[in-house]
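The file run_16.txt contains compact mmCIF, C-alpha atoms:
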# COMPACT_ATOMS: atom_id res chain seq x y z
CA MET A 1 -114.96 -49.23 -14.68
CA ALA A 2 -114.97 -53.01 -14.58
CA ASP A 3 -116.97 -54.85 -11.96
CA ALA A 4 -114.98 -55.90 -8.92
CA PRO A 5 -114.77 -59.58 -7.94
CA ALA A 6 -116.48 -60.89 -4.85
CA ASN A 7 -114.38 -60.34 -1.73
CA SER A 8 -114.99 -61.18 1.91
CA GLN A 9 -113.57 -57.81 2.89
CA HIS A 10 -115.86 -54.89 2.10
CA PRO A 11 -114.43 -51.96 0.11
CA PHE A 12 -112.78 -49.05 1.85
CA HIS A 13 -112.89 -45.36 1.04
CA LEU A 14 -110.19 -43.34 -0.72
CA SER A 15 -109.66 -39.61 -0.42
CA TRP A 16 -106.89 -37.17 -1.33
CA PHE A 17 -105.13 -34.40 0.62
CA LEU A 18 -104.47 -31.27 -1.48
CA ASN A 19 -102.59 -28.08 -0.74
CA TYR A 20 -103.77 -25.18 -2.90
CA GLY A 21 -100.35 -23.68 -3.31
CA VAL A 22 -97.25 -24.38 -5.33
CA ASP A 23 -96.85 -27.88 -6.73
CA GLU A 24 -93.53 -29.74 -6.69
CA TRP A 25 -92.27 -26.86 -8.80
CA ASN A 26 -88.70 -28.05 -9.34
CA ASP A 27 -89.69 -31.55 -10.47
CA PRO A 28 -89.89 -32.23 -14.24
CA TRP A 29 -93.33 -33.82 -13.83
CA ALA A 30 -94.85 -30.70 -12.24
CA SER A 31 -95.93 -27.38 -13.72
CA GLY A 32 -92.89 -25.42 -12.61
CA GLY A 33 -94.80 -23.55 -9.93
CA GLN A 34 -97.09 -21.90 -12.47
CA ASN A 35 -100.25 -23.54 -11.15
CA LEU A 36 -101.84 -20.89 -8.96
CA ASP A 37 -104.88 -20.37 -11.23
CA GLY A 38 -106.18 -23.73 -9.97
CA THR A 39 -106.22 -25.54 -13.33
CA PHE A 40 -103.58 -28.06 -12.19
CA TYR A 41 -105.71 -29.04 -9.19
CA VAL A 42 -108.85 -29.22 -11.30
CA ASP A 43 -107.01 -31.70 -13.53
CA VAL A 44 -106.00 -33.67 -10.43
CA ALA A 45 -109.60 -33.77 -9.19
CA ARG A 46 -110.78 -35.10 -12.55
CA MET A 47 -108.20 -37.88 -12.37
CA LEU A 48 -109.29 -38.75 -8.83
CA GLU A 49 -112.93 -38.82 -9.87
CA ARG A 50 -112.19 -41.22 -12.73
CA ALA A 51 -110.54 -43.46 -10.14
CA GLY A 52 -113.59 -43.32 -7.84
CA PHE A 53 -112.16 -41.32 -4.92
CA ASP A 54 -114.74 -40.23 -2.35
CA PHE A 55 -113.41 -36.72 -1.94
CA VAL A 56 -110.56 -34.29 -2.14
CA LEU A 57 -109.69 -32.36 1.03
CA ILE A 58 -108.17 -28.91 0.43
CA GLU A 59 -105.93 -27.94 3.35
CA ASP A 60 -105.40 -24.32 4.36
CA LYS A 61 -103.39 -21.95 6.54
CA VAL A 62 -104.01 -18.20 6.75
CA ALA A 63 -100.51 -16.98 7.58
CA ILE A 64 -96.92 -17.35 6.42
CA SER A 65 -95.20 -19.02 9.33
CA GLU A 66 -92.16 -17.43 10.94
CA THR A 67 -91.70 -20.12 13.59
CA TYR A 68 -88.68 -22.01 12.23
CA GLY A 69 -85.62 -19.92 12.96
CA GLY A 70 -87.78 -16.87 13.67
CA THR A 71 -88.09 -16.00 9.98
CA ARG A 72 -90.49 -16.56 7.09
CA ALA A 73 -87.55 -17.32 4.80
CA HIS A 74 -87.81 -21.09 5.31
CA ASP A 75 -91.52 -21.25 4.50
CA LEU A 76 -90.86 -19.29 1.32
CA LYS A 77 -87.80 -21.33 0.38
CA HIS A 78 -89.73 -24.59 0.64
CA ALA A 79 -92.86 -23.17 -1.05
CA LEU A 80 -95.08 -23.59 2.00
CA ALA A 81 -96.29 -20.17 0.88
CA PRO A 82 -98.03 -18.92 -1.15
CA LYS A 83 -101.22 -20.70 -0.14
CA LEU A 84 -104.51 -19.69 -1.75
CA ASP A 85 -108.08 -19.72 -0.47
CA PRO A 86 -109.61 -23.19 -0.89
CA ALA A 87 -113.24 -22.05 -1.31
CA PRO A 88 -112.89 -20.63 -4.86
CA LEU A 89 -110.91 -23.72 -5.87
CA ALA A 90 -113.75 -25.87 -4.52
CA THR A 91 -116.17 -24.16 -6.91
CA LEU A 92 -113.79 -24.63 -9.85
CA ILE A 93 -113.52 -28.33 -9.07
CA ALA A 94 -117.29 -28.57 -8.64
CA ALA A 95 -117.86 -27.10 -12.11
CA ALA A 96 -115.41 -29.55 -13.69
CA THR A 97 -116.55 -32.78 -11.98
CA GLU A 98 -119.77 -34.70 -11.31
CA ARG A 99 -119.36 -37.14 -8.42
CA ILE A 100 -116.28 -36.52 -6.26
CA GLY A 101 -116.77 -34.76 -2.92
CA ILE A 102 -115.01 -31.44 -2.32
CA VAL A 103 -113.92 -30.46 1.20
CA PRO A 104 -112.36 -27.01 1.71
CA THR A 105 -110.74 -26.16 5.04
CA LEU A 106 -112.34 -23.19 6.85
CA SER A 107 -111.43 -21.96 10.33
CA THR A 108 -113.91 -21.46 13.15
CA SER A 109 -111.50 -18.90 14.65
CA PHE A 110 -111.71 -16.46 11.75
CA TYR A 111 -114.83 -16.97 9.63
CA PRO A 112 -118.06 -15.46 10.99
CA PRO A 113 -120.45 -18.41 11.45
CA TYR A 114 -123.17 -16.99 9.22
CA MET A 115 -120.68 -16.35 6.43
CA LEU A 116 -119.31 -19.89 6.65
CA ALA A 117 -122.76 -21.51 6.71
CA ARG A 118 -123.80 -19.45 3.70
CA LEU A 119 -120.55 -20.17 1.81
CA THR A 120 -120.65 -23.93 2.32
CA SER A 121 -124.34 -24.07 1.46
CA THR A 122 -123.56 -22.21 -1.76
CA ILE A 123 -120.77 -24.65 -2.64
CA ASP A 124 -123.19 -27.52 -1.99
CA HIS A 125 -125.62 -25.93 -4.46
CA ILE A 126 -122.92 -25.33 -7.08
CA SER A 127 -121.65 -28.91 -6.75
CA HIS A 128 -125.18 -30.44 -6.71
CA GLY A 129 -124.64 -31.98 -3.28
CA ARG A 130 -120.91 -32.70 -3.05
CA ALA A 131 -119.66 -30.11 -0.55
CA GLY A 132 -117.90 -30.72 2.72
CA TRP A 133 -116.25 -28.62 5.39
CA ASN A 134 -112.94 -29.51 7.03
CA ILE A 135 -113.37 -27.95 10.47
CA VAL A 136 -110.24 -26.41 11.99
CA THR A 137 -109.75 -24.02 14.88
CA SER A 138 -106.32 -22.89 13.53
CA GLY A 139 -103.10 -23.11 15.52
CA GLU A 140 -100.93 -20.13 14.66
CA ASP A 141 -100.76 -16.85 16.58
CA LEU A 142 -99.52 -15.15 13.40
CA ALA A 143 -102.82 -16.09 11.77
CA ALA A 144 -104.68 -14.45 14.66
CA ARG A 145 -102.71 -11.26 14.11
CA ASN A 146 -103.79 -11.21 10.47
CA PHE A 147 -107.35 -10.85 11.76
CA GLY A 148 -106.62 -8.10 14.27
CA LEU A 149 -106.18 -10.37 17.31
CA ASP A 150 -103.13 -10.47 19.58
CA ALA A 151 -103.06 -14.27 19.81
CA LEU A 152 -105.22 -17.35 19.55
CA ASP A 153 -107.36 -18.53 22.43
CA GLU A 154 -106.03 -21.39 24.53
CA HIS A 155 -106.26 -24.77 22.73
CA ASP A 156 -109.20 -26.33 24.57
CA HIS A 157 -111.02 -22.99 24.71
CA ARG A 158 -110.86 -22.85 20.90
CA TYR A 159 -112.72 -26.15 20.86
CA GLU A 160 -115.34 -24.80 23.26
CA ARG A 161 -115.96 -21.92 20.85
CA ALA A 162 -115.97 -24.36 17.93
CA GLU A 163 -118.62 -26.54 19.62
CA GLU A 164 -120.95 -23.56 19.76
CA TYR A 165 -119.94 -22.44 16.28
CA VAL A 166 -120.83 -25.76 14.66
CA GLU A 167 -124.14 -25.94 16.52
CA LEU A 168 -124.97 -22.47 15.20
CA ALA A 169 -124.00 -23.46 11.66
CA LYS A 170 -126.23 -26.55 11.86
CA GLN A 171 -129.19 -24.45 12.95
CA LEU A 172 -128.57 -22.01 10.10
CA TRP A 173 -128.42 -24.84 7.54
CA ASP A 174 -131.69 -26.19 8.97
CA SER A 175 -133.43 -22.81 8.97
CA TRP A 176 -135.00 -23.82 5.65
CA GLU A 177 -137.13 -26.94 5.87
CA PRO A 178 -136.61 -29.50 3.08
CA ASP A 179 -139.94 -28.67 1.44
CA ALA A 180 -139.82 -24.88 1.90
CA ILE A 181 -139.60 -24.19 -1.83
CA ILE A 182 -143.04 -24.89 -3.31
CA ARG A 183 -143.04 -22.98 -6.66
CA ASN A 184 -146.84 -22.64 -6.53
CA ARG A 185 -147.93 -20.99 -9.77
CA ASP A 186 -151.56 -20.68 -8.67
CA SER A 187 -150.64 -18.45 -5.73
CA ASN A 188 -147.52 -17.09 -7.41
CA THR A 189 -145.50 -18.21 -4.37
CA TYR A 190 -141.94 -19.42 -4.68
CA ALA A 191 -141.23 -20.42 -1.04
CA ASP A 192 -143.50 -21.09 1.96
CA ALA A 193 -142.62 -18.49 4.59
CA SER A 194 -143.85 -20.74 7.37
CA LYS A 195 -141.02 -23.17 6.55
CA VAL A 196 -138.22 -20.61 6.64
CA ARG A 197 -137.58 -19.51 10.20
CA THR A 198 -135.31 -17.40 12.35
CA ILE A 199 -133.12 -19.33 14.76
CA ASP A 200 -132.46 -16.55 17.32
CA PHE A 201 -129.26 -18.25 18.46
CA GLU A 202 -127.81 -16.81 21.70
CA GLY A 203 -124.62 -18.52 22.84
CA GLU A 204 -121.69 -17.65 25.03
CA PHE A 205 -119.50 -16.76 22.05
CA HIS A 206 -121.81 -16.32 19.06
CA ARG A 207 -125.20 -14.84 18.20
CA SER A 208 -127.23 -15.04 15.01
CA ARG A 209 -130.83 -14.30 14.17
CA GLY A 210 -131.04 -16.25 10.91
CA PRO A 211 -132.40 -17.63 8.71
CA LEU A 212 -129.82 -18.17 6.00
CA ASN A 213 -130.74 -16.33 2.85
CA THR A 214 -129.58 -19.30 0.80
CA SER A 215 -132.12 -22.06 0.33
CA ARG A 216 -131.58 -25.53 1.76
CA SER A 217 -128.85 -27.21 -0.26
CA PRO A 218 -129.00 -30.69 -1.84
CA GLN A 219 -127.40 -32.41 1.16
CA GLY A 220 -129.10 -30.13 3.70
CA ARG A 221 -125.72 -29.46 5.26
CA PRO A 222 -122.17 -30.19 4.07
CA VAL A 223 -120.27 -33.32 5.06
CA LEU A 224 -118.28 -32.41 8.18
CA CYS A 225 -114.63 -33.47 8.34
CA GLN A 226 -112.28 -33.07 11.30
CA ALA A 227 -108.75 -34.12 12.23
CA GLY A 228 -108.42 -33.45 15.96
CA ALA A 229 -106.08 -35.99 17.57
CA SER A 230 -105.95 -34.55 21.11
CA PRO A 231 -108.49 -35.84 23.65
CA ARG A 232 -110.46 -32.61 23.25
CA GLY A 233 -110.27 -32.89 19.48
CA ARG A 234 -111.51 -36.48 19.55
CA ALA A 235 -114.48 -35.53 21.71
CA PHE A 236 -115.36 -32.71 19.32
CA ALA A 237 -115.04 -34.96 16.26
CA ALA A 238 -117.17 -37.70 17.81
CA ARG A 239 -119.96 -35.20 18.40
CA HIS A 240 -120.00 -33.58 14.97
CA ALA A 241 -117.85 -35.22 12.27
CA ASP A 242 -118.97 -37.39 9.38
CA VAL A 243 -115.30 -38.04 8.52
CA ILE A 244 -112.26 -38.08 10.79
CA VAL A 245 -108.71 -38.14 9.39
CA ALA A 246 -105.80 -39.39 11.48
CA VAL A 247 -102.22 -40.63 11.43
CA ALA A 248 -101.19 -43.93 13.03
CA VAL A 249 -97.89 -45.80 13.18
CA SER A 250 -99.25 -49.33 12.88
CA PRO A 251 -102.46 -51.17 11.92
CA GLU A 252 -102.92 -51.99 15.59
CA GLU A 253 -102.81 -48.30 16.50
CA MET A 254 -105.25 -47.59 13.71
CA ARG A 255 -107.70 -50.09 15.20
CA GLU A 256 -107.20 -48.64 18.67
CA PHE A 257 -107.89 -45.12 17.40
CA ARG A 258 -110.92 -46.18 15.37
CA ASP A 259 -112.37 -48.21 18.27
CA ASP A 260 -111.95 -45.19 20.55
CA ILE A 261 -113.67 -42.88 18.07
CA ARG A 262 -116.54 -45.31 17.47
CA ALA A 263 -117.10 -45.66 21.23
CA ARG A 264 -117.15 -41.88 21.57
CA VAL A 265 -119.57 -41.54 18.64
CA ALA A 266 -121.89 -44.12 20.19
CA SER A 267 -121.77 -42.29 23.54
CA GLU A 268 -123.07 -39.21 21.69
CA GLY A 269 -126.12 -41.19 20.59
CA ARG A 270 -124.89 -41.46 17.00
CA ASP A 271 -124.51 -44.55 14.83
CA PRO A 272 -120.75 -45.35 14.75
CA ASP A 273 -121.09 -46.41 11.10
CA SER A 274 -122.16 -42.84 10.23
CA CYS A 275 -118.66 -41.55 11.03
CA LYS A 276 -115.81 -42.74 8.79
CA VAL A 277 -112.21 -42.80 10.03
CA LEU A 278 -109.60 -42.37 7.29
CA PHE A 279 -105.86 -42.74 7.87
CA ILE A 280 -103.18 -40.66 6.17
CA VAL A 281 -100.74 -42.59 3.98
CA ALA A 282 -98.17 -41.65 1.34
CA PRO A 283 -97.56 -44.65 -0.94
CA ILE A 284 -94.37 -44.85 -3.01
CA ILE A 285 -94.90 -46.97 -6.13
CA ALA A 286 -92.59 -48.21 -8.87
CA ASP A 287 -92.39 -51.07 -11.35
CA THR A 288 -90.25 -53.23 -9.03
CA MET A 289 -89.76 -53.48 -5.29
CA ASP A 290 -86.10 -52.49 -5.58
CA GLU A 291 -86.96 -49.44 -7.66
CA ALA A 292 -89.61 -48.32 -5.15
CA LYS A 293 -87.16 -48.68 -2.27
CA ALA A 294 -84.50 -46.78 -4.21
CA ARG A 295 -87.01 -44.00 -4.88
CA GLN A 296 -87.82 -43.82 -1.18
CA ASP A 297 -84.11 -43.68 -0.29
CA ARG A 298 -83.46 -40.88 -2.79
CA LEU A 299 -86.27 -38.88 -1.26
CA LEU A 300 -85.34 -39.43 2.37
CA ASP A 301 -81.59 -39.02 1.88
CA ASN A 302 -82.06 -35.52 0.49
CA PRO A 303 -81.14 -33.10 3.33
CA GLU A 304 -83.64 -30.60 1.93
CA PHE A 305 -86.40 -33.09 2.74
CA ALA A 306 -85.56 -33.27 6.45
CA GLU A 307 -85.33 -29.50 6.72
CA ARG A 308 -88.69 -29.10 5.01
CA VAL A 309 -90.25 -31.54 7.47
CA LEU A 310 -88.91 -29.55 10.42
CA VAL A 311 -90.15 -26.30 8.91
CA MET A 312 -93.60 -27.85 8.47
CA ILE A 313 -93.89 -29.31 11.98
CA SER A 314 -92.70 -25.96 13.37
CA SER A 315 -95.43 -24.18 11.41
CA ILE A 316 -98.12 -26.61 12.55
CA SER A 317 -97.12 -26.71 16.20
CA GLY A 318 -95.75 -23.23 16.83
CA VAL A 319 -92.55 -24.81 18.21
CA ASP A 320 -89.24 -23.71 16.66
CA PHE A 321 -87.45 -26.98 15.91
CA SER A 322 -84.36 -25.13 14.70
CA GLN A 323 -83.44 -24.66 18.37
CA PHE A 324 -82.82 -28.38 18.92
CA ASP A 325 -79.70 -30.42 18.15
CA LEU A 326 -80.36 -32.51 15.05
CA ASP A 327 -78.17 -35.34 16.35
CA ALA A 328 -79.71 -35.45 19.82
CA PRO A 329 -82.80 -37.47 20.73
CA VAL A 330 -86.16 -36.09 19.69
CA PRO A 331 -87.24 -33.74 22.49
CA GLU A 332 -89.90 -35.25 24.71
CA GLU A 333 -91.27 -32.34 26.72
CA VAL A 334 -92.46 -29.69 24.29
CA ARG A 335 -95.52 -27.54 24.98
CA THR A 336 -97.70 -25.77 22.44
CA ASN A 337 -100.92 -23.85 22.10
CA GLY A 338 -101.01 -24.92 18.45
CA GLU A 339 -101.99 -28.32 17.08
CA ARG A 340 -101.35 -30.40 20.18
CA GLY A 341 -102.49 -33.73 18.83
CA SER A 342 -100.35 -33.49 15.69
CA LEU A 343 -97.28 -32.48 17.69
CA ALA A 344 -97.77 -35.20 20.31
CA GLN A 345 -98.15 -37.89 17.66
CA TRP A 346 -95.09 -36.70 15.75
CA LEU A 347 -92.93 -36.60 18.89
CA ARG A 348 -94.14 -40.00 20.03
CA LYS A 349 -93.25 -41.55 16.66
CA GLY A 350 -89.72 -40.17 17.07
CA ALA A 351 -89.05 -41.90 20.37
CA GLY A 352 -85.62 -43.53 20.34
CA LYS A 353 -84.44 -41.58 17.27
CA THR A 354 -82.40 -38.47 16.79
CA LEU A 355 -84.25 -35.44 15.47
CA ARG A 356 -82.40 -35.80 12.16
CA GLU A 357 -83.38 -39.47 11.84
CA HIS A 358 -86.98 -38.73 12.68
CA ALA A 359 -87.27 -35.76 10.32
CA ARG A 360 -85.88 -38.01 7.59
CA ARG A 361 -88.98 -40.18 7.93
CA GLY A 362 -91.34 -37.36 7.03
CA LEU A 363 -94.24 -35.57 8.65
CA ASP A 364 -97.00 -38.16 8.17
CA ASP A 365 -94.86 -41.18 9.02
CA GLY A 366 -97.66 -43.72 9.22
CA VAL A 367 -97.88 -47.24 7.85
CA GLU A 368 -95.18 -47.71 5.22
CA LEU A 369 -96.51 -48.47 1.74
CA VAL A 370 -93.54 -48.90 -0.60
CA GLY A 371 -93.38 -51.28 -3.57
CA THR A 372 -95.14 -52.25 -6.76
CA ALA A 373 -98.78 -51.30 -7.22
CA ALA A 374 -99.78 -54.91 -6.59
CA HIS A 375 -97.72 -55.12 -3.39
CA VAL A 376 -99.01 -51.81 -2.03
CA ALA A 377 -102.63 -52.73 -2.85
CA GLU A 378 -102.25 -56.05 -1.06
CA ARG A 379 -100.69 -54.33 1.95
CA MET A 380 -103.45 -51.70 2.11
CA GLY A 381 -106.01 -54.51 2.21
CA GLU A 382 -104.14 -56.24 5.03
CA VAL A 383 -103.79 -53.02 7.01
CA MET A 384 -107.43 -52.11 6.63
CA GLU A 385 -108.57 -55.58 7.65
CA ILE A 386 -106.61 -55.26 10.90
CA ALA A 387 -107.73 -51.69 11.47
CA GLY A 388 -111.37 -52.55 10.83
CA GLY A 389 -111.97 -49.76 8.26
CA ASP A 390 -112.80 -47.22 6.96
CA GLY A 391 -110.21 -46.08 4.42
CA PHE A 392 -107.27 -43.86 3.57
CA LEU A 393 -106.45 -40.21 2.93
CA ILE A 394 -103.61 -40.24 0.42
CA THR A 395 -100.97 -37.53 0.34
CA SER A 396 -97.72 -37.08 -1.54
CA PRO A 397 -94.58 -38.19 0.36
CA VAL A 398 -93.22 -34.63 0.03
CA ASN A 399 -96.58 -32.96 0.76
CA ARG A 400 -96.39 -31.38 -2.69
CA LEU A 401 -97.73 -32.77 -5.90
CA ASN A 402 -96.66 -33.70 -9.41
CA ARG A 403 -98.62 -35.32 -12.20
CA ARG A 404 -96.60 -38.53 -12.24
CA TYR A 405 -97.48 -39.28 -8.63
CA VAL A 406 -101.20 -38.80 -9.26
CA VAL A 407 -101.06 -41.10 -12.30
CA GLU A 408 -99.17 -43.77 -10.34
CA ILE A 409 -101.95 -43.81 -7.76
CA THR A 410 -105.01 -43.41 -9.98
CA GLU A 411 -103.90 -45.59 -12.89
CA GLY A 412 -101.49 -47.93 -11.13
CA LEU A 413 -102.60 -48.50 -7.54
CA VAL A 414 -106.37 -48.03 -7.82
CA PRO A 415 -106.90 -50.66 -10.57
CA GLU A 416 -105.04 -53.14 -8.35
CA LEU A 417 -107.32 -52.26 -5.45
CA GLN A 418 -110.38 -52.61 -7.68
CA ARG A 419 -109.27 -56.05 -8.88
CA ARG A 420 -109.20 -57.11 -5.26
CA GLY A 421 -112.64 -55.62 -4.58
CA LEU A 422 -111.09 -53.18 -2.09
CA CYS A 423 -112.40 -49.89 -3.49
CA ARG A 424 -115.38 -48.77 -5.50
CA THR A 425 -115.68 -49.16 -9.25
CA GLU A 426 -118.54 -46.68 -9.56
CA TYR A 427 -120.32 -44.08 -7.45
CA ALA A 428 -123.56 -45.14 -5.81
CA SER A 429 -125.08 -41.66 -5.71
CA PRO A 430 -124.64 -38.09 -6.96
CA LEU A 431 -124.49 -36.98 -3.28
CA PHE A 432 -121.22 -36.99 -1.35
CA ARG A 433 -122.73 -38.14 1.97
CA ASP A 434 -124.59 -41.02 0.33
CA ASN A 435 -121.35 -42.30 -1.22
CA LEU A 436 -119.65 -42.18 2.19
CA LEU A 437 -122.46 -44.22 3.69
CA ALA A 438 -122.61 -46.73 0.82
CA PHE A 439 -120.23 -49.05 2.71

Translate the structure described by the file into C-alpha cells.
Amino acid sequence: MADAPANSQHPFHLSWFLNYGVDEWNDPWASGGQNLDGTFYVDVARMLERAGFDFVLIEDKVAISETYGGTRAHDLKHALAPKLDPAPLATLIAAATERIGIVPTLSTSFYPPYMLARLTSTIDHISHGRAGWNIVTSGEDLAARNFGLDALDEHDHRYERAEEYVELAKQLWDSWEPDAIIRNRDSNTYADASKVRTIDFEGEFHRSRGPLNTSRSPQGRPVLCQAGASPRGRAFAARHADVIVAVAVSPEEMREFRDDIRARVASEGRDPDSCKVLFIVAPIIADTMDEAKARQDRLLDNPEFAERVLVMISSISGVDFSQFDLDAPVPEEVRTNGERGSLAQWLRKGAGKTLREHARRGLDDGVELVGTAAHVAERMGEVMEIAGGDGFLITSPVNRLNRRYVVEITEGLVPELQRRGLCRTEYASPLFRDNLLAF
C-alpha cells in the first residue's frame, strides 16, 4: 500500500460486521445462497485484510426467531436463518489470513465459562494472536429453550452474571504466566509447574478450579468487544471491553456517546484510549452522486426491505412488530427483556415517523453515507473529527452481503480514505490488540 500523506487528523479504525449465514442469495453478485461452507466469507476476510481493516466481527444468534407474526416463516423467508457457528469460521479465516483480527460472537448465557476461555485461547493460538470475543448475553427466550431453560434471566441480571463470567474467563486466561513454558532440555521440562496455577474461582453464579489446559496464547487473552447500549450495558462495557460498537444518529450523538464511555472507562481506573468506540455505518457508493442516491432509493422503496427490517428488530427485541399499524406513529412505550438498548435506540430514531417510514430507513439508521467514494470518504473524515474517534464498523445496507459491495468498499472507498490519511496503509503489528492501540 502507498504511504498516506500527512494529515492533522489521525487515522481511524475500520472493521466489518459479518453474518455467517446466507449471503444476498438472490442478487447476481452473490453466490446464490450456496456459501455455507465458509469459503465466501474467507474470501471477504482476505479482501478486508488487503484493505487494512482492523477486524471482522462475526455476529451470531442461537435460535430461529418466531417473534414476528408468531411464526418462523418470516425469518426463513428473509434468510435470517440458517445461521452457522462463528467459531469454526474464525479458524478458517485465521488459516487464510495473516493480520486481520477475528471476533466471533459467543454468549455468556449458554457457553460454560471454561469452554469459552479454552475456545478463544485456542483461536488466538491458531491465528497467532488475532482473536477477539464479542461478548453477548443473548436476548431471545427461544434461544434459552434450545439449551433446556424456560426463559432468559431478566436483562440486568444477565449482565450481573456476565460480569462474573468475564472475571472468571480473565482468571482462566491468566492461569498460565507469560513465561510458564521454559522448554528446558537439561531438565527435560517443557513447562514450569510453579507458573501454572489453579484459580479456585467461587462466585455467585459460576465456579471453576482451573487452570486452563491450553497454554497462554500470544495476546494473553482475546480482544474483548461489546455492544451494550443500555445504561447497564455501558457500565459493563466500560469495565471490560477493548472495543465498543454502537449506533448513533448524528456526529454530535456519536461524540456524546463516546465521551460518556470514556468517562466510564476512566472511572474504572482504565486508560480511556485503551477502549475504542466504533460506530456502525452502511455506506452506499456509486460512480456519481445521482447514481448513489438512485441506488439508495431502489433499496428503500422495495417493500420487502421494510418487512425484513421489522422481522429483524422483532427478532432482536422480542417484540412482535407485526401487531402495530404500519401507517401509525412508531410506538413509544414498548417493553422488552431482550436487547433493550438496541430497541430503545431504534424507537427513538423513529420519533415523528410512521412505522412504515421508519422501517424504510433500515435497522442501523445511523449517519447517512451516500455518494461517490470520494464524497463518502470526505464525509467519514468530517464525522469522525466531530465525534472525536475512534472509527467505524461497516455493514451492508441490507445486512446481507454480496461481492460487489465488498469491492466497492475495499477498492473504492478505502483508497480514498488512505489518500486522505484517514485509515492505515499497513499493519503495525502481527497482534490484533497492538494494531488497535497503534492510534

*Which one of A:Gln171, A:Phe321, A:Asp43, A:Asp156 sits closest to A:Arg308 if you count only C-alpha atoms?*
A:Phe321

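Distances here use all atoms listed in the file; by that measure, the residue among A:Val196, A:Ile316, A:Ile123, A:Met115 closest to A:Leu142 is A:Ile316.
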
_Just checking: using only C-alpha atoms, which residue out of A:Glu368, A:Asp85, A:Glu24, A:Glu202 ends up closest to A:Val247?_
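That would be A:Glu368, the residue with the smallest distance to A:Val247.
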
Box along x, y and z, 6 Å on every side, all listed atoms of stretch 49-63 of chain A inside: centre and edge lengths in Å to one decimal, as JSON.
{"center_x": -107.6, "center_y": -30.2, "center_z": -2.6, "size_x": 26.2, "size_y": 38.5, "size_z": 32.3}

_List as number ranges by chain the protein and nucleic acid residues near stretch 36-40 of chain A, meaning an atom at most 12 Å away when all atoms listed in the file are counted, but skip any in the same chain fewer than 3 places from it._
A: 18-25, 29-33, 43-47, 58, 81-93, 95-96, 401-403, 406

*Between atom CA of A:Asp327 and atom CA of A:Asp301, what is the spacing in Å?*
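Calculated distance between atom CA of A:Asp301 and atom CA of A:Asp327 is 15.3 Å.
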
*Shortest interatomic distance to A:Thr105 - which of A:Lys170, A:Lys61, A:Lys195, A:Arg216, counting all atoms listed in the file*: A:Lys61

*asked:* Applying 9 Å and only C-alpha atoms, which residues near stretch 264-268 of chain A remain after dropping the ones on its own chain fewer than 5 positions away? List them as JSON, numbers by chain.
replied: {"A": [234, 235, 237, 238, 239, 240, 259, 274, 275]}

_Among the residues A:Pro231, A:Gly371, A:Pro218, A:Gly269, the one that comes closest to A:Ala292 [using only C-alpha atoms]_ = A:Gly371

*Considering all atoms listed in the file, state which residue in the set A:Ala227, A:Val56, A:Gly388, A:Ser194 is at the smallest distance from A:Arg255.*
A:Gly388

Quick one: residues within 12 Å of A:Thr214, only C-alpha atoms counted, chain neighbours fewer than 3 positions away excluded, as a compact mmCIF listing (two decimals) with C-alpha atoms, in the coordinates of the input?
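Contents of the output file result14.txt:
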# COMPACT_ATOMS: atom_id res chain seq x y z
CA TYR A 114 -123.17 -16.99 9.22
CA MET A 115 -120.68 -16.35 6.43
CA LEU A 116 -119.31 -19.89 6.65
CA ALA A 117 -122.76 -21.51 6.71
CA ARG A 118 -123.80 -19.45 3.70
CA LEU A 119 -120.55 -20.17 1.81
CA THR A 120 -120.65 -23.93 2.32
CA SER A 121 -124.34 -24.07 1.46
CA THR A 122 -123.56 -22.21 -1.76
CA ILE A 123 -120.77 -24.65 -2.64
CA ASP A 124 -123.19 -27.52 -1.99
CA HIS A 125 -125.62 -25.93 -4.46
CA ILE A 126 -122.92 -25.33 -7.08
CA LEU A 172 -128.57 -22.01 10.10
CA TRP A 173 -128.42 -24.84 7.54
CA ASP A 174 -131.69 -26.19 8.97
CA SER A 175 -133.43 -22.81 8.97
CA TRP A 176 -135.00 -23.82 5.65
CA GLU A 177 -137.13 -26.94 5.87
CA ALA A 180 -139.82 -24.88 1.90
CA ILE A 181 -139.60 -24.19 -1.83
CA ALA A 191 -141.23 -20.42 -1.04
CA VAL A 196 -138.22 -20.61 6.64
CA GLY A 210 -131.04 -16.25 10.91
CA PRO A 211 -132.40 -17.63 8.71
CA SER A 217 -128.85 -27.21 -0.26
CA PRO A 218 -129.00 -30.69 -1.84
CA GLY A 220 -129.10 -30.13 3.70
CA ARG A 221 -125.72 -29.46 5.26

*A:Gly132 environment, 6 Å, all atoms listed in the file, sequence neighbours closer than 6 positions dropped, as JSON, numbers by chain*: {"A": [102, 103, 222, 223, 224]}

*State, in Å with one decimal place, the distance from atom CA of A:Thr67 to atom CA of A:Asp150.*
16.1 Å
